[in-house]
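**Student:** Submitted below is the structure of interest, expressed as structure tokens.
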Amino acid sequence: MAATILIFLLMIHGVSSAGWGVWYSPSHICALKHSSVIMSCNYTYPTRYKIKKVFWTKTLVKGKNKESSEEKQEYPDLSEDPEYSQRLQYLGDKQQNCTIRLSHVTQKDEHMYYFRFITDKPGVKWTGYPGVTLTVTDLQVESPERVTEGHNVRLTCKSSCALTDSATFIWYRNSQPLTERRDRNNQLLLQSVRREDAGRYSCALQGHTYISPAVQLSVTYPPKTISVSITGSGEIVEGDSVTLICSSDSNPPPEISWFKEDQSSSVGSGQSFSALQSGRFYCEAHNQHGSLRSDAITVIVKVLYWKISHTAIVVTLCGIVAAVIVALLTCCVKRNKLQSESLTNMSDDMSIIYDPSQFSYVYENMVAVNLNSKTPDPKMNIPLYENVTIYENLPIPNRNML
């Protein structure tokens, strides 16, 4: 009973009596996520005892000043815990060294860990208290969102706790390592920043696989280059337009204004501009860091002579066609009228021929339809036809009388 009480009284870290004790170095560990952790440990015990079992546990000792409480505590062996069995390696022995390695640590592993050993004497056990406190951290890059070209900027690779192991920091830009930046300082200093320094930055520790999330660094600068391009030819015809496009390299994107060389005020804005008249046009890009003017480009508008001639020809042809149509219609009307008059005159002539008083004036080669009559019947209104044979015995009119 007295021996057991003495053991509990000596369960204070760094204190030993009669050869009993456990020492951790260090007692607080800050480890990087996914890394391996070494928990260094040494212990002593009186030589008259033999060590029966050694193991690590993470269960807190409650009521350590009472023998009954100590006997009721359960101290699970982490090497038998499924969450630790594949990651925990005991590097010590059953004499003095109780060091372990815990690999692939995560935030779930943040606990206080203890070394415990059991002797060959019944009831003689020892737990090294307090144990080793493990904190697991990740890395975060602290950086301004943007920096102006030519200025200096400092990026910091931060962790939630001071890493226990001395670490060499590695920096990445756009997932490519910056080999010239390998040092023990967790800061990255960029002097006289250039446009090429913009990108996504992340950090890591040499020898570790974990890489921090990347942050974007934007480098702002005034317009550096500017040019005007034209769609198609610079020559257009009156009534049409040509589109001019202004291209500029700057950050943030610039505001674009358009000018005509013979005018002092702006004639347009935006990346594109539609020119409707002849002249020399240029654009100007400007942001809060500066401005830049492009070279002028010439636009030529041609007069529409060919369109005027074309219109005149069309109008003339239409007039001619209309006149021809009118003339043809007039001729047709006149022709029909003449034919009508000719038929009327012919009818009048035929009535004269068959007039009894003028019976002697019968045309040559005319015949009556009535073949039963030897002589034409003046009372018959029989039409006469050209190119027919004269009745026999009919007197032929005197030609001179016709």
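Chain lettering (A, B, ...) mirrors the order of the structure tokens, residue numbering begins at 1 for each chain separately, and ligand numbering begins at 1 in order of display.
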What parts of stretch 217-288 of chain A does DSSP call strand (DSSP E or B)? I'd like the answer as a PyMOL selection string.
**Tutor:** chain A and resi 217-230+235-237+242-251+255-260+266-269+272-275+279-287
**Student:** Between A:Thr225, A:Leu188, A:Phe281, A:Pro213, single out the one closest to A:Thr243, counting only C-alpha atoms.
**Tutor:**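 Ranked by minimum distance to A:Thr243, first place goes to A:Phe281.
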